[in-house]
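Structure data follow from run_1.cif (mmCIF, C-alpha atoms):
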```
data_upload
loop_
_atom_site.label_atom_id
_atom_site.label_comp_id
_atom_site.auth_asym_id
_atom_site.auth_seq_id
_atom_site.Cartn_x
_atom_site.Cartn_y
_atom_site.Cartn_z
CA MET A 1 64.87 91.44 133.28
CA ALA A 2 63.95 91.98 129.62
CA PRO A 3 66.09 89.93 127.19
CA VAL A 4 67.54 93.01 125.44
CA ALA A 5 68.52 94.70 128.73
CA GLY A 6 70.00 91.41 129.96
CA ARG A 7 72.00 91.07 126.75
CA THR A 8 73.29 94.65 127.07
CA TRP A 9 74.48 94.01 130.61
CA GLY A 10 76.07 90.75 129.52
CA ARG A 11 77.98 92.58 126.79
CA ARG A 12 79.06 95.29 129.21
CA ILE A 13 80.41 92.67 131.59
CA VAL A 14 82.24 90.85 128.79
CA ALA A 15 83.77 94.13 127.55
CA ALA A 16 84.85 95.05 131.09
CA VAL A 17 86.38 91.60 131.68
CA VAL A 18 88.27 91.69 128.36
CA LEU A 19 89.65 95.19 128.94
CA GLY A 20 90.42 94.37 132.58
CA ALA A 21 92.38 91.31 131.46
CA ILE A 22 94.33 93.37 128.90
CA VAL A 23 95.26 96.01 131.49
CA ALA A 24 95.85 93.60 134.42
CA PRO A 25 99.46 92.63 133.54
CA ALA A 26 100.49 96.30 133.71
CA VAL A 27 98.73 96.73 137.07
CA ILE A 28 100.36 93.67 138.63
CA ASP A 29 103.57 94.15 136.60
CA ARG A 30 103.66 90.62 135.24
CA ASP A 31 104.41 89.95 131.60
CA SER A 32 102.97 86.84 129.99
CA PHE A 33 101.28 85.67 126.79
CA PRO A 34 98.96 86.80 125.27
CA LEU A 35 98.29 89.20 128.15
CA SER A 36 101.33 91.40 128.40
CA THR A 37 102.87 94.55 129.83
CA TYR A 38 104.36 95.18 126.35
CA PRO A 39 107.86 95.93 127.70
CA MET A 40 109.60 95.62 124.31
CA TYR A 41 112.66 97.91 124.28
CA ALA A 42 111.26 99.76 127.32
CA ASP A 43 114.41 99.39 129.43
CA THR A 44 117.23 101.90 129.31
CA ARG A 45 120.34 100.60 127.61
CA GLY A 46 123.90 101.81 127.79
CA GLU A 47 126.51 101.83 125.08
CA VAL A 48 128.37 98.85 126.58
CA VAL A 49 126.26 95.73 126.48
CA SER A 50 126.86 92.17 127.64
CA LEU A 51 125.72 89.49 125.21
CA PRO A 52 126.01 85.69 125.25
CA ILE A 53 127.37 84.42 121.93
CA ALA A 54 128.43 81.20 120.26
CA VAL A 55 131.25 81.14 117.71
CA GLY A 56 133.07 78.52 115.71
CA LEU A 57 136.83 78.06 115.68
CA ASP A 58 138.64 76.88 112.55
CA ALA A 59 141.76 74.69 112.41
CA GLY A 60 143.97 77.77 112.75
CA GLY A 61 142.13 78.90 115.89
CA ALA A 62 140.42 81.86 114.18
CA ARG A 63 136.87 82.73 115.32
CA ARG A 64 134.11 82.25 112.75
CA THR A 65 130.60 83.64 113.14
CA LEU A 66 127.96 80.91 113.14
CA SER A 67 124.49 81.30 111.64
CA LEU A 68 121.37 81.72 113.78
CA ALA A 69 120.22 78.35 112.42
CA THR A 70 123.43 76.66 113.62
CA ILE A 71 123.26 78.30 117.04
CA ALA A 72 119.57 77.89 117.80
CA GLN A 73 117.74 76.40 114.80
CA THR A 74 115.99 79.72 114.30
CA ASP A 75 116.08 82.83 112.17
CA ASP A 76 115.17 85.03 115.13
CA PRO A 77 118.05 86.61 117.10
CA LEU A 78 115.75 87.07 120.12
CA ILE A 79 115.29 83.31 120.37
CA ALA A 80 119.02 82.65 119.88
CA VAL A 81 119.95 85.11 122.65
CA ALA A 82 117.27 83.64 124.93
CA LEU A 83 118.65 80.13 124.34
CA LEU A 84 122.24 81.21 125.09
CA SER A 85 121.19 83.27 128.14
CA GLN A 86 119.18 80.34 129.52
CA ALA A 87 122.17 78.04 129.09
CA VAL A 88 124.53 80.51 130.79
CA ALA A 89 122.10 81.17 133.67
CA GLY A 90 121.37 77.47 134.15
CA GLY A 91 125.02 76.36 133.90
CA GLU A 92 124.17 74.27 130.84
CA THR A 93 126.56 75.78 128.34
CA GLY A 94 128.42 72.48 127.95
CA ALA A 95 125.32 70.67 126.72
CA LEU A 96 124.37 73.53 124.41
CA CYS A 97 127.92 73.65 123.06
CA GLU A 98 127.70 69.95 122.08
CA GLU A 99 124.34 70.57 120.45
CA ILE A 100 125.71 73.44 118.37
CA ALA A 101 128.79 71.35 117.50
CA ASP A 102 126.46 68.72 115.96
CA ARG A 103 125.14 71.40 113.59
CA ALA A 104 128.49 73.07 112.86
CA PRO A 105 129.32 73.65 109.19
CA ALA A 106 132.41 72.26 107.44
CA GLY A 107 135.71 73.86 108.43
CA ILE A 108 134.73 74.42 112.07
CA VAL A 109 136.72 72.27 114.51
CA ALA A 110 135.45 73.66 117.83
CA ILE A 111 132.64 75.74 119.33
CA GLU A 112 132.94 78.38 122.05
CA ILE A 113 130.12 79.86 124.09
CA ALA A 114 131.12 83.13 125.72
CA ASP A 115 129.78 86.21 127.44
CA GLU A 116 131.05 89.22 125.55
CA GLU A 117 130.82 92.90 126.42
CA HIS A 118 130.67 95.18 123.41
CA ASP A 119 130.52 98.91 122.85
CA VAL A 120 127.60 98.76 120.42
CA ILE A 121 128.07 102.32 119.14
CA GLU A 122 131.70 101.58 118.31
CA ARG A 123 130.63 98.37 116.59
CA ALA A 124 128.07 100.21 114.44
CA ALA A 125 130.86 102.57 113.40
CA GLY A 126 132.94 99.58 112.31
CA GLY A 127 135.49 99.92 115.13
CA ASP A 128 136.88 97.40 117.63
CA SER A 129 133.93 96.95 119.98
CA LEU A 130 135.00 94.10 122.28
CA VAL A 131 135.40 95.26 125.88
CA SER A 132 135.66 91.91 127.67
CA ARG A 133 135.18 88.22 127.00
CA THR A 134 134.49 85.30 129.36
CA VAL A 135 134.45 81.82 127.82
CA ARG A 136 131.67 79.70 129.33
CA ALA A 137 132.17 76.49 127.35
CA ARG A 138 134.37 75.02 124.64
CA CYS A 139 133.79 71.76 122.81
CA GLU A 140 135.26 69.95 119.82
CA VAL A 141 133.35 69.24 116.63
CA SER A 142 133.45 65.50 116.02
CA GLY A 143 134.05 63.96 112.58
CA MET B 1 73.47 116.20 128.14
CA THR B 2 74.63 112.57 128.25
CA SER B 3 77.33 111.36 130.63
CA PRO B 4 80.70 110.08 129.38
CA TRP B 5 79.61 106.63 130.60
CA HIS B 6 76.53 106.73 128.36
CA ARG B 7 78.51 108.10 125.43
CA ALA B 8 81.06 105.29 125.85
CA GLY B 9 78.21 102.77 125.94
CA ALA B 10 76.60 104.28 122.84
CA TRP B 11 79.93 104.09 121.01
CA LEU B 12 80.68 100.52 122.08
CA PHE B 13 77.19 99.23 121.34
CA ALA B 14 76.53 101.10 118.11
CA PRO B 15 74.87 98.80 115.59
CA ALA B 16 76.79 97.76 112.49
CA PRO B 17 76.06 95.64 109.42
CA PRO B 18 77.14 91.96 109.59
CA GLU B 19 79.70 92.65 106.85
CA ARG B 20 81.83 94.72 109.24
CA LEU B 21 82.44 91.80 111.56
CA ALA B 22 82.68 89.40 108.62
CA VAL B 23 85.49 91.43 107.01
CA LEU B 24 87.34 91.46 110.34
CA ARG B 25 86.97 87.65 110.39
CA LEU B 26 88.37 87.43 106.85
CA LEU B 27 91.32 89.70 107.66
CA THR B 28 92.29 88.17 111.00
CA GLY B 29 91.73 84.63 109.72
CA ALA B 30 93.63 85.09 106.45
CA PHE B 31 96.50 86.85 108.21
CA SER B 32 96.77 84.12 110.87
CA VAL B 33 96.77 81.31 108.31
CA VAL B 34 99.41 83.02 106.14
CA TYR B 35 101.47 83.85 109.26
CA LEU B 36 101.36 80.24 110.48
CA THR B 37 102.25 78.98 107.00
CA VAL B 38 105.20 81.35 106.61
CA ARG B 39 106.43 80.58 110.16
CA ILE B 40 105.68 76.85 109.99
CA ARG B 41 109.32 75.79 110.53
CA PRO B 42 109.72 77.31 114.01
CA TYR B 43 106.32 75.91 114.98
CA VAL B 44 107.20 72.42 113.75
CA ALA B 45 110.60 72.70 115.51
CA LEU B 46 108.71 73.03 118.81
CA ALA B 47 108.09 69.28 118.57
CA ASP B 48 111.83 68.75 119.28
CA GLY B 49 112.10 71.26 122.15
CA GLN B 50 114.54 70.37 124.95
CA PRO B 51 112.54 69.61 128.14
CA ASP B 52 115.06 71.46 130.35
CA ARG B 53 114.37 74.71 128.48
CA PHE B 54 110.60 74.53 128.87
CA GLU B 55 109.19 77.51 130.80
CA PRO B 56 105.42 77.40 130.32
CA VAL B 57 103.53 80.69 130.41
CA GLY B 58 99.95 81.98 130.25
CA ALA B 59 97.22 79.41 129.75
CA LEU B 60 99.85 76.65 129.67
CA ALA B 61 101.59 77.73 132.90
CA ALA B 62 100.42 74.60 134.72
CA LEU B 63 101.87 72.26 132.09
CA PRO B 64 104.52 70.15 133.91
CA SER B 65 106.51 69.14 130.82
CA PRO B 66 106.61 69.78 127.06
CA LEU B 67 103.84 68.33 124.91
CA PRO B 68 104.60 65.13 122.99
CA ALA B 69 105.83 65.72 119.42
CA TRP B 70 102.72 64.19 117.83
CA LEU B 71 100.51 66.64 119.73
CA VAL B 72 102.58 69.67 118.70
CA LEU B 73 102.47 68.58 115.05
CA GLY B 74 98.73 67.89 115.44
CA LEU B 75 98.21 71.40 116.83
CA VAL B 76 100.09 72.94 113.90
CA ALA B 77 98.08 70.94 111.35
CA SER B 78 94.75 71.60 113.06
CA ALA B 79 95.55 75.31 113.41
CA LEU B 80 96.01 75.53 109.65
CA ALA B 81 92.88 73.51 108.87
CA LEU B 82 90.72 75.31 111.43
CA GLY B 83 92.19 78.65 110.33
CA LEU B 84 91.05 78.05 106.77
CA ALA B 85 87.54 77.14 107.99
CA PHE B 86 87.54 80.21 110.30
CA THR B 87 88.49 82.47 107.40
CA ALA B 88 85.91 80.96 105.07
CA GLY B 89 83.29 81.07 107.81
CA ALA B 90 82.52 77.36 107.45
CA TRP B 91 80.87 75.59 110.41
CA PHE B 92 81.96 78.69 112.28
CA ARG B 93 80.09 77.84 115.45
CA PHE B 94 82.65 75.09 115.98
CA THR B 95 85.63 76.08 113.83
CA GLY B 96 85.68 79.68 115.09
CA PRO B 97 86.21 78.91 118.78
CA GLY B 98 88.22 75.82 117.79
CA PHE B 99 90.71 77.88 115.79
CA ALA B 100 90.98 80.53 118.51
CA VAL B 101 91.73 77.93 121.19
CA VAL B 102 94.26 76.05 119.03
CA LEU B 103 95.96 79.32 117.98
CA LEU B 104 96.12 80.43 121.63
CA ALA B 105 97.60 77.08 122.64
CA LEU B 106 100.14 77.02 119.83
CA THR B 107 101.38 80.61 120.20
CA THR B 108 101.46 80.29 124.01
CA TYR B 109 103.49 77.10 123.61
CA ARG B 110 105.89 78.93 121.29
CA SER B 111 106.40 81.61 123.94
CA SER B 112 107.06 78.92 126.57
CA TRP B 113 110.76 78.43 125.85
CA GLY B 114 112.30 81.35 127.71
CA GLN B 115 111.36 84.15 125.32
CA LEU B 116 107.96 85.84 125.18
CA LEU B 117 107.24 86.76 121.55
CA HIS B 118 105.30 89.99 121.72
CA PHE B 119 104.45 90.24 118.03
CA GLU B 120 101.78 87.53 118.26
CA ASN B 121 99.72 88.92 121.19
CA LEU B 122 97.35 91.20 119.32
CA MET B 123 96.69 88.67 116.56
CA VAL B 124 95.64 86.07 119.14
CA LEU B 125 93.52 88.51 121.17
CA GLN B 126 91.61 89.70 118.12
CA VAL B 127 91.06 86.16 116.81
CA LEU B 128 89.64 85.24 120.25
CA ILE B 129 87.16 88.15 120.04
CA VAL B 130 86.13 87.41 116.46
CA ALA B 131 85.77 83.70 117.25
CA ALA B 132 83.39 84.37 120.12
CA ALA B 133 81.11 86.60 118.01
CA ALA B 134 78.58 86.03 115.22
CA SER B 135 81.31 86.62 112.65
CA ALA B 136 80.11 84.27 109.93
CA ASP B 137 76.64 85.74 109.34
CA ALA B 138 77.89 87.38 106.13
CA LEU B 139 80.56 86.79 103.49
CA SER B 140 80.91 83.18 104.56
CA VAL B 141 80.18 79.59 103.62
CA ASP B 142 77.69 79.41 106.50
CA ALA B 143 75.80 82.47 105.24
CA ARG B 144 75.49 80.92 101.77
CA ARG B 145 74.10 77.72 103.20
CA HIS B 146 71.51 79.27 105.47
CA GLN B 147 70.53 82.89 105.95
CA ARG B 148 70.74 83.67 109.67
CA LEU B 149 70.52 87.42 109.99
CA ASP B 150 67.97 87.64 112.78
CA ARG B 151 70.41 89.29 115.21
CA ASP B 152 70.43 92.98 116.10
CA GLY B 153 73.11 95.21 114.60
CA VAL B 154 74.81 95.53 117.97
CA SER B 155 75.85 91.86 117.71
CA TYR B 156 77.98 92.78 114.70
CA GLY B 157 79.19 96.15 115.91
CA TRP B 158 80.42 95.65 119.44
CA PRO B 159 82.93 92.83 118.85
CA VAL B 160 84.65 95.07 116.28
CA ARG B 161 84.62 98.01 118.69
CA LEU B 162 85.98 95.75 121.43
CA ALA B 163 88.78 94.64 119.10
CA ALA B 164 89.51 98.32 118.39
CA LEU B 165 89.68 99.03 122.13
CA VAL B 166 92.09 96.13 122.57
CA THR B 167 94.37 97.47 119.80
CA VAL B 168 94.40 100.95 121.30
CA THR B 169 94.94 99.68 124.85
CA THR B 170 97.96 97.57 123.87
CA TYR B 171 99.63 100.65 122.35
CA VAL B 172 98.93 102.71 125.47
CA LEU B 173 100.39 99.92 127.62
CA ALA B 174 103.55 99.86 125.48
CA GLY B 175 103.92 103.63 125.96
CA VAL B 176 103.28 103.38 129.70
CA ALA B 177 105.89 100.57 129.94
CA LYS B 178 108.53 102.84 128.39
CA LEU B 179 107.80 105.61 130.87
CA ARG B 180 107.50 103.21 133.82
CA ILE B 181 110.64 101.19 133.07
CA GLY B 182 112.82 103.61 131.13
CA GLY B 183 111.48 106.89 132.49
CA LEU B 184 112.17 110.22 130.81
CA GLU B 185 115.69 108.97 130.05
CA TRP B 186 114.09 106.65 127.50
CA MET B 187 112.87 109.64 125.50
CA LEU B 188 115.53 112.25 126.16
CA GLY B 189 118.73 110.20 126.42
CA ASP B 190 120.59 107.82 124.11
CA THR B 191 118.46 104.78 124.95
CA LEU B 192 116.79 104.43 121.56
CA ARG B 193 120.11 104.87 119.74
CA ASN B 194 121.67 102.22 121.99
CA HIS B 195 118.74 99.84 121.36
CA VAL B 196 119.18 100.27 117.60
CA ALA B 197 122.97 99.77 117.88
CA TYR B 198 122.44 96.75 120.16
CA SER B 199 120.05 95.13 117.67
CA ALA B 200 122.62 95.62 114.91
CA ALA B 201 125.46 94.25 117.08
CA ARG B 202 123.35 91.27 118.16
CA LEU B 203 122.63 90.33 114.55
CA ASP B 204 126.25 90.89 113.57
CA LEU B 205 127.60 88.68 116.38
CA LEU B 206 125.03 85.94 115.91
CA GLY B 207 125.46 85.46 112.18
CA GLY B 208 122.69 87.70 110.88
CA THR B 209 122.89 90.78 108.68
CA PRO B 210 122.31 94.08 110.52
CA SER B 211 120.32 96.89 108.98
CA PRO B 212 122.57 99.16 106.87
CA LEU B 213 120.28 102.03 107.84
CA ALA B 214 121.05 101.43 111.55
CA ARG B 215 124.79 101.62 110.91
CA ALA B 216 124.36 104.84 108.95
CA LEU B 217 122.11 106.49 111.55
CA VAL B 218 123.73 105.44 114.85
CA GLY B 219 126.55 107.93 114.25
CA HIS B 220 124.02 110.79 114.36
CA ALA B 221 122.92 110.75 118.01
CA TRP B 222 120.69 113.83 117.66
CA VAL B 223 118.25 111.91 115.44
CA PHE B 224 117.13 109.54 118.19
CA PRO B 225 115.56 111.63 121.00
CA PRO B 226 112.94 113.12 118.63
CA LEU B 227 112.20 109.62 117.30
CA ALA B 228 111.88 108.33 120.89
CA VAL B 229 109.52 111.16 121.87
CA ALA B 230 107.48 110.54 118.71
CA SER B 231 107.24 106.80 119.45
CA VAL B 232 105.97 107.33 123.00
CA ALA B 233 103.60 110.07 121.79
CA VAL B 234 102.14 107.73 119.15
CA GLU B 235 101.65 104.96 121.70
CA LEU B 236 100.10 107.11 124.42
CA SER B 237 97.85 108.97 121.99
CA ALA B 238 96.36 105.74 120.57
CA PRO B 239 92.87 106.43 122.05
CA VAL B 240 92.39 109.32 119.59
CA ALA B 241 92.03 106.66 116.90
CA LEU B 242 88.69 105.73 118.46
CA LEU B 243 87.32 109.14 117.39
CA GLY B 244 87.35 107.97 113.79
CA GLY B 245 87.66 110.11 110.69
CA ARG B 246 90.83 111.97 109.77
CA ILE B 247 92.38 111.86 113.24
CA ARG B 248 92.11 108.06 113.25
CA THR B 249 93.75 107.83 109.83
CA ILE B 250 96.55 110.17 110.95
CA TRP B 251 97.18 108.04 114.06
CA VAL B 252 97.13 104.77 112.09
CA THR B 253 99.60 106.27 109.59
CA ALA B 254 101.87 107.40 112.45
CA ALA B 255 101.69 104.00 114.16
CA TRP B 256 102.40 102.21 110.89
CA LEU B 257 105.39 104.49 110.23
CA MET B 258 106.68 103.69 113.72
CA HIS B 259 106.56 99.96 112.96
CA ALA B 260 108.10 100.51 109.52
CA GLY B 261 110.91 102.47 111.20
CA ILE B 262 111.49 99.69 113.74
CA ALA B 263 111.64 97.16 110.89
CA ALA B 264 114.03 99.32 108.85
CA LEU B 265 116.37 100.21 111.73
CA MET B 266 116.29 97.10 113.90
CA LEU B 267 115.03 94.43 111.49
CA VAL B 268 112.42 93.61 114.13
CA VAL B 269 109.18 93.00 112.27
CA PHE B 270 105.73 93.23 113.85
CA PRO B 271 103.78 91.80 110.91
CA TYR B 272 100.27 92.20 112.34
CA PRO B 273 100.36 96.03 112.43
CA LEU B 274 102.68 96.29 109.41
CA PHE B 275 100.04 94.55 107.30
CA LEU B 276 97.47 96.89 108.92
CA VAL B 277 95.32 94.06 110.30
CA ALA B 278 95.87 95.34 113.86
CA PHE B 279 94.24 98.63 112.86
CA ALA B 280 91.39 97.12 110.80
CA PRO B 281 88.77 97.31 113.63
CA LEU B 282 89.20 101.10 113.66
CA PHE B 283 87.63 101.36 110.20
CA GLU B 284 84.19 100.85 108.66
CA LEU B 285 85.23 97.52 107.22
CA GLU B 286 81.92 96.88 105.45
CA ARG B 287 83.10 99.38 102.85
CA LEU B 288 86.02 97.17 101.85
CA PRO B 289 84.03 94.62 99.77
CA GLN B 290 82.15 97.48 98.06
CA LEU B 291 85.42 99.25 97.32
CA LEU B 292 86.99 96.09 95.91
CA ARG B 293 83.85 95.39 93.84
CA ARG B 294 83.90 98.92 92.45
CA ARG B 295 87.59 98.64 91.60
CA THR B 296 87.07 95.29 89.88
CA VAL B 297 84.14 96.63 87.83
CA GLY B 298 86.17 99.75 87.00
CA ALA B 299 89.14 97.67 85.89
CA GLU B 300 86.90 95.46 83.74
CA GLN B 301 85.29 98.49 82.11
CA ALA B 302 88.68 100.10 81.48
CA ALA B 303 90.12 96.93 79.93
CA PRO B 304 90.27 97.06 76.11
CA THR B 305 87.75 94.77 74.43
CA GLY B 306 88.12 92.60 71.32
#
```
Is it possible to give me this structure as structure tokens?
Amino acid sequence: MAPVAGRTWGRRIVAAVVLGAIVAPAVIDRDSFPLSTYPMYADTRGEVVSLPIAVGLDAGGARRTLSLATIAQTDDPLIAVALLSQAVAGGETGALCEEIADRAPAGIVAIEIADEEHDVIERAAGGDSLVSRTVRARCEVSG
Amino acid sequence: MTSPWHRAGAWLFAPAPPERLAVLRLLTGAFSVVYLTVRIRPYVALADGQPDRFEPVGALAALPSPLPAWLVLGLVASALALGLAFTAGAWFRFTGPGFAVVLLALTTYRSSWGQLLHFENLMVLQVLIVAAAASADALSVDARRHQRLDRDGVSYGWPVRLAALVTVTTYVLAGVAKLRIGGLEWMLGDTLRNHVAYSAARLDLLGGTPSPLARALVGHAWVFPPLAVASVAVELSAPVALLGGRIRTIWVTAAWLMHAGIAALMLVVFPYPLFLVAFAPLFELERLPQLLRRRTVGAEQAAPTG
């Protein structure tokens, strides 16, 4: 085979392999990295949504929103939700609660991890959005 | 008359000047280095990852446990150093593939903690393509040291076209995923509005600041089905960008507006397309240095003297 023709065939094979690899996750329906099905926001979503959250409690028992950095040492809500979901699914909310308590800001005396159901449309309108709440873990902040 | 197969081959293997591939190297390399620098804290934090939360994916799927902290920090440091060499086109034969492998390892490792981060995929895929090609034969340290332009133009053209195909394919896959998973309901129902409201609620409940635009718009349900249809139409029509010319520019503008809308409404930022690097392979990039040179000369001539 002439070198140029051989090179052309080589390039064709490489192009086919690359494109095949890009499309493969969609064919086998398996998301990964960096080869992906690109399922971002592809699922249908209702108005009432369940969400794992972590909140702080002050001395008076009032709930205080914690920062993403306190909850999961991140500025990305996706990572914070993934961390909380993993802990809930794996039954490890107690350990995560203690971890968050170590990072709690002044004025917070306890941490709660809970599954909350919210009407997200109501919340966007500024109304009372909480539908249900199940506490998964509660721990004290030491010191 | 030529067959579609031959026309596709002629398009993919059209010759190009070395500057086209070199500019793609500069753009992908510079973007990756800036991205890693800006996001260095989450990457460094990977060194302290909890072993029980480690869920390796992709090329690292066989990894039995998290990497030692020194290795994670070493990967971050070497990614930055190799990224600079990749961008400059210095010792590219080694630093090009080296950077691509380290970037793949690092970003895969970051997605190995229970959450796949889809905004890094295209950056990594395009860096892998550029790294495997003769991308430092122009506009590079290597090219200054020794002229090595004995390759055919196809060597510089087809990696860029392949990168363009990858960009377009990822958009089509995202559109197909919406139809496959969400179905027509995704476009015609309240799904997009609920996604936007969910993103705002998630930020609100987890200590972030939701988009004020989301709050203002969620009350107007009629806005969202047309936006959903437009999003899927943009994604599925991505192949038209391969035709070049005005239709490509219209598609790129539409895709960019889609990402800008996602950022404005959901505060979810896909930096690679927002900074247009994802779309760069769709353009005749060799014109960029000429354009910048012309602008610089024009600015110098327009500047008042004395």
List every residue of chain A that has an atom at most 9 Å from any atom of chain B, and for each one report the closest atom pair and its distance in Å to one decimal, counting all atoms listed in the file, with rows sorted by chain and then by increasing residue number, as CSV.
```
residue,atom,partner,partner_atom,distance
A:Thr8,CA,B:Phe13,CA,8.3
A:Arg11,CA,B:Trp158,CA,8.3
A:Arg12,CA,B:Gly9,CA,8.2
A:Ala15,CA,B:Leu162,CA,6.7
A:Val18,CA,B:Val166,CA,8.2
A:Leu19,CA,B:Val166,CA,6.9
A:Ile22,CA,B:Val166,CA,7.3
A:Val23,CA,B:Leu173,CA,7.5
A:Ala26,CA,B:Leu173,CA,7.1
A:Asp31,CA,B:Leu116,CA,8.4
A:Ser32,CA,B:Gly58,CA,5.7
A:Phe33,CA,B:Gly58,CA,5.2
A:Pro34,CA,B:Asn121,CA,4.7
A:Leu35,CA,B:Asn121,CA,7.1
A:Ser36,CA,B:Asn121,CA,7.8
A:Thr37,CA,B:Leu173,CA,6.3
A:Tyr38,CA,B:Ala174,CA,4.8
A:Pro39,CA,B:Ala177,CA,5.5
A:Met40,CA,B:Ala174,CA,7.5
A:Tyr41,CA,B:His195,CA,7.0
A:Ala42,CA,B:Lys178,CA,4.3
A:Asp43,CA,B:Gly182,CA,4.8
A:Thr44,CA,B:Gly182,CA,5.1
A:Arg45,CA,B:Thr191,CA,5.3
A:Gly46,CA,B:Asn194,CA,6.2
A:Glu47,CA,B:Asn194,CA,5.8
A:Val48,CA,B:Asn194,CA,8.8
A:Val49,CA,B:Tyr198,CA,7.5
A:Leu51,CA,B:Arg202,CA,7.6
A:Ile53,CA,B:Leu206,CA,6.6
A:Ala54,CA,B:Leu206,CA,7.3
A:Val55,CA,B:Leu206,CA,8.1
A:Thr65,CA,B:Gly207,CA,5.5
A:Leu66,CA,B:Gly207,CA,5.3
A:Ser67,CA,B:Gly207,CA,4.3
A:Leu68,CA,B:Gly207,CA,5.8
A:Ala69,CA,B:Gly207,CA,8.8
A:Ile71,CA,B:Leu206,CA,7.9
A:Gln73,CA,B:Ala45,CA,8.1
A:Thr74,CA,B:Pro42,CA,6.7
A:Asp75,CA,B:Gly208,CA,8.3
A:Pro77,CA,B:Leu203,CA,6.4
A:Leu78,CA,B:Gln115,CA,7.4
A:Ile79,CA,B:Gln115,CA,6.4
A:Ala80,CA,B:Leu206,CA,7.9
A:Val81,CA,B:Arg202,CA,8.3
A:Ala82,CA,B:Gln115,CA,5.9
A:Leu83,CA,B:Gly114,CA,7.3
A:Gln86,CA,B:Gly114,CA,7.2
A:Ala87,CA,B:Arg53,CA,8.5
A:His118,CA,B:Ala201,CA,8.3
A:Asp119,CA,B:Tyr198,CA,8.8
A:Val120,CA,B:Ala197,CA,5.4
A:Ile121,CA,B:Ala197,CA,5.8
A:Glu122,CA,B:Ala197,CA,8.9
A:Arg123,CA,B:Ala201,CA,6.6
A:Ala124,CA,B:Arg215,CA,5.0
A:Ala125,CA,B:Arg215,CA,6.6
A:Gly126,CA,B:Arg215,CA,8.5
```
- Task: Name the residues captured by the PyMOL selection byres ((chain A and resi 100) around 9) when it is applied to the shown file; answer as JSON, numbers by chain.
- Result: {"A": [54, 70, 71, 72, 95, 96, 97, 98, 99, 101, 102, 103, 104, 111, 141]}
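Distance annotation: of A:Asp76, A:Ser50, A:Glu92, A:Ser142, the residue with the minimal separation from Ser129 of chain A is A:Ser50; atom set is only C-alpha atoms.
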- Item | atom CA of Trp251 of chain B to atom CA of Leu188 of chain B, straight-line distance in Å | 22.4 Å
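For the atom pair formed by atom CA of Arg248 of chain B and atom CA of Ala230 of chain B, the distance is 16.5 Å, given to one decimal.
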- Message: Env of segment 135-137 of chain A: 7 Å cut, atoms = only C-alpha atoms, seq-sep filter 2 positions within chain, self excluded. Answer as JSON, numbers by chain.
- Response: {"A": [93, 94, 97, 112, 113, 114, 115, 133, 139]}
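When all atoms listed in the file are used to compute distances to Ala16 of chain B, the closest of the residues B:Leu257, B:Val160, B:Val72, B:Leu243 turns out to be B:Val160.
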